[in-house]
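Undergrad: mmCIF, C-alpha atoms, file input.cif:
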```
data_entry
loop_
_atom_site.label_atom_id
_atom_site.label_comp_id
_atom_site.auth_asym_id
_atom_site.auth_seq_id
_atom_site.Cartn_x
_atom_site.Cartn_y
_atom_site.Cartn_z
CA ASP A 1 -63.93 -1.34 46.91
CA ALA A 2 -64.30 -2.02 43.22
CA MET A 3 -61.99 0.20 41.19
CA VAL A 4 -62.77 -1.00 37.68
CA ILE A 5 -66.41 -1.90 37.19
CA GLN A 6 -67.90 -3.62 34.20
CA ASN A 7 -71.55 -3.93 33.35
CA PRO A 8 -73.21 -6.18 32.69
CA ARG A 9 -71.22 -9.17 33.93
CA TYR A 10 -73.08 -11.43 31.50
CA GLN A 11 -74.59 -10.36 28.21
CA VAL A 12 -76.55 -12.46 25.77
CA THR A 13 -77.26 -11.05 22.34
CA GLN A 14 -78.49 -12.33 19.03
CA PHE A 15 -76.42 -12.71 15.93
CA GLY A 16 -76.19 -9.29 14.28
CA LYS A 17 -77.87 -7.37 17.11
CA PRO A 18 -75.74 -4.45 18.33
CA VAL A 19 -74.52 -4.61 21.88
CA THR A 20 -72.74 -2.16 24.18
CA LEU A 21 -70.52 -3.12 27.10
CA SER A 22 -69.73 -0.62 29.80
CA CYS A 23 -66.65 0.05 31.93
CA SER A 24 -66.15 2.62 34.65
CA GLN A 25 -63.21 3.38 36.91
CA THR A 26 -62.71 5.19 40.18
CA LEU A 27 -58.92 5.37 39.86
CA ASN A 28 -58.82 8.53 37.73
CA HIS A 29 -56.40 6.77 35.39
CA ASN A 30 -55.49 8.28 32.05
CA VAL A 31 -55.55 5.06 30.07
CA MET A 32 -58.41 2.66 29.52
CA TYR A 33 -58.11 -0.56 27.54
CA TRP A 34 -60.46 -3.12 26.06
CA TYR A 35 -59.38 -6.72 25.64
CA GLN A 36 -61.07 -9.75 24.16
CA GLN A 37 -60.28 -13.09 25.75
CA LYS A 38 -61.48 -16.38 24.32
CA SER A 39 -61.38 -19.64 26.18
CA SER A 40 -57.83 -20.83 26.98
CA GLN A 41 -56.31 -17.92 25.09
CA ALA A 42 -54.44 -14.82 26.15
CA PRO A 43 -56.29 -11.51 26.42
CA LYS A 44 -56.03 -9.71 23.10
CA LEU A 45 -55.87 -5.93 23.10
CA LEU A 46 -58.57 -4.38 20.90
CA PHE A 47 -57.87 -0.70 21.52
CA HIS A 48 -57.08 1.79 24.20
CA TYR A 49 -57.72 5.41 25.05
CA TYR A 50 -55.03 7.68 26.36
CA ASP A 51 -57.26 10.39 27.78
CA LYS A 52 -59.38 11.27 24.73
CA ASP A 53 -56.93 9.86 22.18
CA PHE A 54 -58.16 6.64 20.66
CA ASN A 55 -55.60 4.01 19.66
CA ASN A 56 -56.86 1.11 17.60
CA GLU A 57 -54.91 -2.11 17.19
CA ALA A 58 -54.19 -2.84 13.54
CA ASP A 59 -56.02 -6.16 13.54
CA THR A 60 -59.13 -5.08 15.45
CA PRO A 61 -62.16 -5.62 13.19
CA ASP A 62 -64.24 -2.59 12.22
CA ASN A 63 -67.16 -4.29 13.92
CA PHE A 64 -65.67 -3.15 17.24
CA GLN A 65 -65.92 0.50 18.22
CA SER A 66 -65.31 2.38 21.42
CA ARG A 67 -66.31 5.60 23.10
CA ARG A 68 -64.89 7.40 26.08
CA PRO A 69 -67.21 10.27 27.00
CA ASN A 70 -65.23 11.20 30.11
CA THR A 71 -62.32 10.01 32.25
CA SER A 72 -64.39 7.54 34.20
CA PHE A 73 -66.33 5.73 31.52
CA CYS A 74 -65.47 3.75 28.42
CA PHE A 75 -67.81 1.75 26.20
CA LEU A 76 -67.26 -1.10 23.79
CA ASP A 77 -69.78 -1.24 20.94
CA ILE A 78 -70.07 -4.36 18.83
CA ARG A 79 -72.07 -3.32 15.81
CA SER A 80 -73.02 -6.71 14.40
CA PRO A 81 -71.95 -9.51 16.70
CA GLY A 82 -71.04 -12.77 15.07
CA LEU A 83 -70.74 -16.17 16.69
CA GLY A 84 -66.97 -15.70 16.72
CA ASP A 85 -67.31 -12.63 18.94
CA ALA A 86 -68.50 -14.69 21.89
CA ALA A 87 -65.80 -14.16 24.49
CA MET A 88 -64.92 -12.49 27.78
CA TYR A 89 -64.39 -8.76 27.31
CA LEU A 90 -62.03 -7.24 29.82
CA CYS A 91 -61.63 -3.57 30.60
CA ALA A 92 -58.41 -2.38 32.20
CA THR A 93 -56.92 0.93 33.28
CA SER A 94 -53.44 2.24 33.92
CA ARG A 95 -52.28 5.54 35.31
CA ASP A 96 -50.11 6.22 32.31
CA ILE A 97 -48.07 4.45 29.64
CA GLY A 98 -44.45 3.58 30.31
CA GLY A 99 -42.08 4.69 33.01
CA GLY A 100 -43.38 2.36 35.65
CA THR A 101 -46.88 3.79 35.53
CA ASP A 102 -48.31 1.24 33.17
CA THR A 103 -49.46 -1.39 35.63
CA GLN A 104 -52.91 -2.42 34.50
CA TYR A 105 -55.89 -3.01 36.72
CA PHE A 106 -58.62 -5.17 35.30
CA GLY A 107 -62.35 -5.19 35.76
CA PRO A 108 -64.18 -8.48 36.35
CA GLY A 109 -65.08 -8.79 32.68
CA THR A 110 -68.29 -9.17 30.71
CA ARG A 111 -68.96 -12.59 29.29
CA LEU A 112 -70.71 -12.21 25.94
CA THR A 113 -72.82 -14.98 24.45
CA VAL A 114 -74.04 -14.69 20.86
CA LEU A 115 -77.03 -16.80 19.89
CA ARG B 1 -42.68 -16.63 16.09
CA LYS B 2 -45.01 -15.21 18.74
CA GLU B 3 -43.97 -11.94 20.33
CA VAL B 4 -44.39 -13.36 23.83
CA GLU B 5 -44.13 -17.09 24.41
CA GLN B 6 -44.85 -19.19 27.45
CA ASP B 7 -44.90 -22.90 28.08
CA PRO B 8 -48.65 -23.58 28.35
CA GLY B 9 -48.18 -26.40 30.85
CA PRO B 10 -50.03 -27.67 32.70
CA PHE B 11 -47.50 -27.91 35.48
CA ASN B 12 -48.80 -30.34 38.07
CA VAL B 13 -46.71 -30.22 41.23
CA PRO B 14 -47.19 -31.31 44.85
CA GLU B 15 -47.88 -28.82 47.60
CA GLY B 16 -44.65 -27.45 49.01
CA ALA B 17 -42.70 -27.83 45.79
CA THR B 18 -40.79 -25.09 44.04
CA VAL B 19 -41.85 -24.35 40.49
CA ALA B 20 -40.46 -21.98 37.88
CA PHE B 21 -41.85 -20.59 34.64
CA ASN B 22 -40.13 -18.73 31.87
CA CYS B 23 -41.49 -16.31 29.32
CA THR B 24 -39.56 -15.17 26.25
CA TYR B 25 -40.19 -12.01 24.26
CA SER B 26 -39.02 -11.05 20.81
CA ASN B 27 -38.99 -7.24 20.88
CA SER B 28 -35.72 -6.08 22.41
CA ALA B 29 -37.17 -2.60 22.88
CA SER B 30 -39.76 -3.84 25.37
CA GLN B 31 -39.80 -1.68 28.46
CA SER B 32 -42.05 -3.11 31.14
CA PHE B 33 -42.70 -6.62 32.26
CA PHE B 34 -45.30 -8.11 34.53
CA TRP B 35 -46.64 -11.37 35.84
CA TYR B 36 -50.39 -11.66 36.28
CA ARG B 37 -52.35 -14.57 37.64
CA GLN B 38 -55.75 -15.49 36.32
CA ASP B 39 -58.15 -17.85 38.03
CA CYS B 40 -60.67 -19.77 35.99
CA ARG B 41 -63.33 -17.43 34.54
CA LYS B 42 -61.95 -14.45 36.45
CA GLU B 43 -60.00 -11.37 35.41
CA PRO B 44 -56.19 -11.21 35.44
CA LYS B 45 -54.75 -9.81 38.65
CA LEU B 46 -51.30 -8.31 38.99
CA LEU B 47 -48.92 -10.62 40.75
CA MET B 48 -45.77 -8.55 40.38
CA SER B 49 -43.86 -6.22 38.13
CA VAL B 50 -40.50 -7.47 36.96
CA TYR B 51 -37.38 -5.37 37.25
CA SER B 52 -33.88 -5.84 35.90
CA SER B 53 -32.55 -6.20 39.41
CA GLY B 54 -35.04 -8.95 40.17
CA ASN B 55 -37.71 -8.66 42.79
CA GLU B 56 -39.15 -10.82 45.48
CA ASP B 57 -42.53 -10.81 47.19
CA GLY B 58 -42.84 -13.48 49.81
CA ARG B 59 -42.70 -16.85 48.10
CA PHE B 60 -42.56 -15.30 44.64
CA THR B 61 -39.42 -14.17 42.84
CA ALA B 62 -39.34 -12.57 39.41
CA GLN B 63 -36.28 -12.03 37.25
CA LEU B 64 -35.65 -10.22 33.98
CA ASN B 65 -32.85 -11.19 31.62
CA ARG B 66 -32.64 -8.54 28.93
CA ALA B 67 -29.69 -10.11 27.15
CA SER B 68 -31.58 -13.35 26.56
CA GLN B 69 -34.98 -11.65 26.43
CA TYR B 70 -36.84 -13.65 28.99
CA ILE B 71 -38.51 -13.19 32.31
CA SER B 72 -39.00 -15.82 34.94
CA LEU B 73 -41.24 -16.49 37.91
CA LEU B 74 -40.24 -18.73 40.77
CA ILE B 75 -42.77 -19.92 43.34
CA ARG B 76 -41.38 -21.50 46.49
CA ASP B 77 -43.29 -23.64 48.97
CA SER B 78 -46.28 -23.79 46.65
CA LYS B 79 -49.78 -23.75 48.13
CA LEU B 80 -53.01 -25.21 46.82
CA SER B 81 -54.21 -21.62 46.34
CA ASP B 82 -51.40 -21.00 43.85
CA SER B 83 -53.28 -23.10 41.29
CA ALA B 84 -54.07 -20.68 38.46
CA THR B 85 -52.90 -19.57 35.05
CA TYR B 86 -49.87 -17.28 35.10
CA LEU B 87 -49.73 -14.69 32.35
CA CYS B 88 -46.59 -12.93 31.26
CA VAL B 89 -47.14 -9.37 30.00
CA VAL B 90 -44.66 -7.35 27.99
CA ASN B 91 -45.14 -3.68 27.23
CA ASN B 92 -43.35 -1.50 24.75
CA PRO B 93 -44.97 1.93 25.03
CA TYR B 94 -42.94 3.29 22.13
CA SER B 95 -43.85 0.56 19.67
CA SER B 96 -45.88 1.44 16.60
CA ALA B 97 -47.47 -2.01 16.77
CA SER B 98 -49.39 -3.44 19.68
CA LYS B 99 -47.88 -2.00 22.79
CA ILE B 100 -49.08 -4.56 25.31
CA ILE B 101 -48.70 -8.23 24.62
CA PHE B 102 -49.92 -11.03 26.82
CA GLY B 103 -48.44 -14.47 26.73
CA SER B 104 -50.92 -17.28 26.38
CA GLY B 105 -50.36 -18.29 29.99
CA THR B 106 -48.91 -21.19 31.92
CA ARG B 107 -51.35 -23.35 33.83
CA LEU B 108 -50.25 -24.43 37.28
CA SER B 109 -52.02 -27.06 39.32
CA ILE B 110 -50.90 -27.79 42.88
CA ARG B 111 -51.93 -31.16 44.23
CA PRO B 112 -52.26 -32.04 47.94
#
```
In structure tokens, how does this file's structure come out?
TA:
Amino acid sequence: DAMVIQNPRYQVTQFGKPVTLSCSQTLNHNVMYWYQQKSSQAPKLLFHYYDKDFNNEADTPDNFQSRRPNTSFCFLDIRSPGLGDAAMYLCATSRDIGGGTDTQYFGPGTRLTVL
Amino acid sequence: RKEVEQDPGPFNVPEGATVAFNCTYSNSASQSFFWYRQDCRKEPKLLMSVYSSGNEDGRFTAQLNRASQYISLLIRDSKLSDSATYLCVVNNPYSSASKIIFGSGTRLSIRP
């Protein structure tokens, strides 16, 4: 059974047109993460939520925002996608942070194309 | 210097061979260490956590060397299905900077 679900799996948007990617989890984990992964590169952490607390990475562009309305759902909003934002976006969860509880479970990803 | 470094490979080895990868990390305060595998165009999947005492899961053995700041993954009797990219992940939950760092991955290709 899918534990971390991402929708849609493939998203095509136009340059500058806002887009929202969705992630949901059935694990009841405290932490949800969003990563960006470009071809042949490592996943790059954009931000994470610990419960309702939002933690932005220092080098995440302002163009990327996130919302977590409840434990199960987390959204990634890209306000004005540029060609350089085309990538796989991965959502992950972990029960907690540190202390052996930080194993991350990934969703299947959303592949974003920007035209 | 990157915070987490891996040899990108590709490692191209015959089926049945033993292959080992290393991953070095720069932050001595790092707390948790993992190996993930990622198949082409798929999400990373946890292969194993890495503990100071070393841990083994079937054909896979992971080691952590805190003094030298590296982790290793050994795959014995490699199978065709082991072909993938192996990502090293280092986590420092108490860091003020990025807490979770992925290495750029080591590509492994097993040939018949």
Undergrad: For the provided coordinates, the residues matched by the PyMOL selection byres ((chain A) within 12 of (chain B)) should be stated as a short mmCIF file (atom, residue, chain, number, x, y, z; two decimals) with C-alpha atoms, keeping the file's coordinate frame.
TA:
```
data_model
loop_
_atom_site.label_atom_id
_atom_site.label_comp_id
_atom_site.auth_asym_id
_atom_site.auth_seq_id
_atom_site.Cartn_x
_atom_site.Cartn_y
_atom_site.Cartn_z
CA VAL A 4 -62.77 -1.00 37.68
CA ILE A 5 -66.41 -1.90 37.19
CA GLN A 6 -67.90 -3.62 34.20
CA ARG A 9 -71.22 -9.17 33.93
CA TYR A 10 -73.08 -11.43 31.50
CA TYR A 33 -58.11 -0.56 27.54
CA TRP A 34 -60.46 -3.12 26.06
CA TYR A 35 -59.38 -6.72 25.64
CA GLN A 36 -61.07 -9.75 24.16
CA GLN A 37 -60.28 -13.09 25.75
CA LYS A 38 -61.48 -16.38 24.32
CA SER A 39 -61.38 -19.64 26.18
CA SER A 40 -57.83 -20.83 26.98
CA GLN A 41 -56.31 -17.92 25.09
CA ALA A 42 -54.44 -14.82 26.15
CA PRO A 43 -56.29 -11.51 26.42
CA LYS A 44 -56.03 -9.71 23.10
CA LEU A 45 -55.87 -5.93 23.10
CA LEU A 46 -58.57 -4.38 20.90
CA PHE A 47 -57.87 -0.70 21.52
CA HIS A 48 -57.08 1.79 24.20
CA TYR A 50 -55.03 7.68 26.36
CA ASN A 55 -55.60 4.01 19.66
CA ASN A 56 -56.86 1.11 17.60
CA GLU A 57 -54.91 -2.11 17.19
CA ALA A 58 -54.19 -2.84 13.54
CA ASP A 59 -56.02 -6.16 13.54
CA THR A 60 -59.13 -5.08 15.45
CA ALA A 87 -65.80 -14.16 24.49
CA MET A 88 -64.92 -12.49 27.78
CA TYR A 89 -64.39 -8.76 27.31
CA LEU A 90 -62.03 -7.24 29.82
CA CYS A 91 -61.63 -3.57 30.60
CA ALA A 92 -58.41 -2.38 32.20
CA SER A 94 -53.44 2.24 33.92
CA ASP A 96 -50.11 6.22 32.31
CA ILE A 97 -48.07 4.45 29.64
CA GLY A 98 -44.45 3.58 30.31
CA GLY A 99 -42.08 4.69 33.01
CA GLY A 100 -43.38 2.36 35.65
CA THR A 101 -46.88 3.79 35.53
CA ASP A 102 -48.31 1.24 33.17
CA THR A 103 -49.46 -1.39 35.63
CA GLN A 104 -52.91 -2.42 34.50
CA TYR A 105 -55.89 -3.01 36.72
CA PHE A 106 -58.62 -5.17 35.30
CA GLY A 107 -62.35 -5.19 35.76
CA PRO A 108 -64.18 -8.48 36.35
CA GLY A 109 -65.08 -8.79 32.68
CA THR A 110 -68.29 -9.17 30.71
CA ARG A 111 -68.96 -12.59 29.29
#
```
Undergrad: Extract, using all atoms listed in the file, all DNA, RNA and protein residues at most 7 Å from range 61-78 of chain A, discarding same-chain residues fewer than 6 positions from it, and format them as a VMD selection string.
TA: chain A and resid 18 to 26 28 51 to 52
Undergrad: What do you get, as a list in words, if you spell out every residue that the PyMOL selection byres ((chain A and resi 12) around 8) selects here?
TA: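 Residues picked by the PyMOL selection byres ((chain A and resi 12) around 8): Tyr10, Gln11, Thr13, Gln14, Leu112, Thr113, Val114 and Leu115 of chain A.
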Undergrad: Tell me which residues the PyMOL selection byres ((chain B and resi 27) around 10) grabs here, as a list in words.
TA: Glu3, Val4, Thr24, Tyr25, Ser26, Ser28, Ala29, Ser30, Gln31, Gln69, Val90, Asn91, Asn92 and Ser95 of chain B
Undergrad: Excluding same-chain residues fewer than 6 positions from range 11-17 of chain B, what lies within 7 Å of it counting all atoms listed in the file, as a ChimeraX atom specification?
TA: /B:76-80,107-112
Undergrad: Kindly give the distance, in Å, that separates CA of Lys2 in chain B and CA of Gly82 in chain A, rounded to a single decimal.
TA: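 CA of Lys2 in chain B sits 26.4 Å away from CA of Gly82 in chain A.
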Undergrad: By how many Å are CA of Leu74 in chain B and CA of Val50 in chain B apart?
TA: 11.9 Å
Undergrad: Report the centre and edge lengths, in Å to one decimal, of an axis-aligned box enclosing every atom of range 23-37 of chain B listed in the file, padded by 6 Å on each side, as lines of an AutoDock Vina configuration file.
TA:
```
center_x = -44.0
center_y = -9.0
center_z = 29.2
size_x = 28.6
size_y = 26.6
size_z = 28.8
```
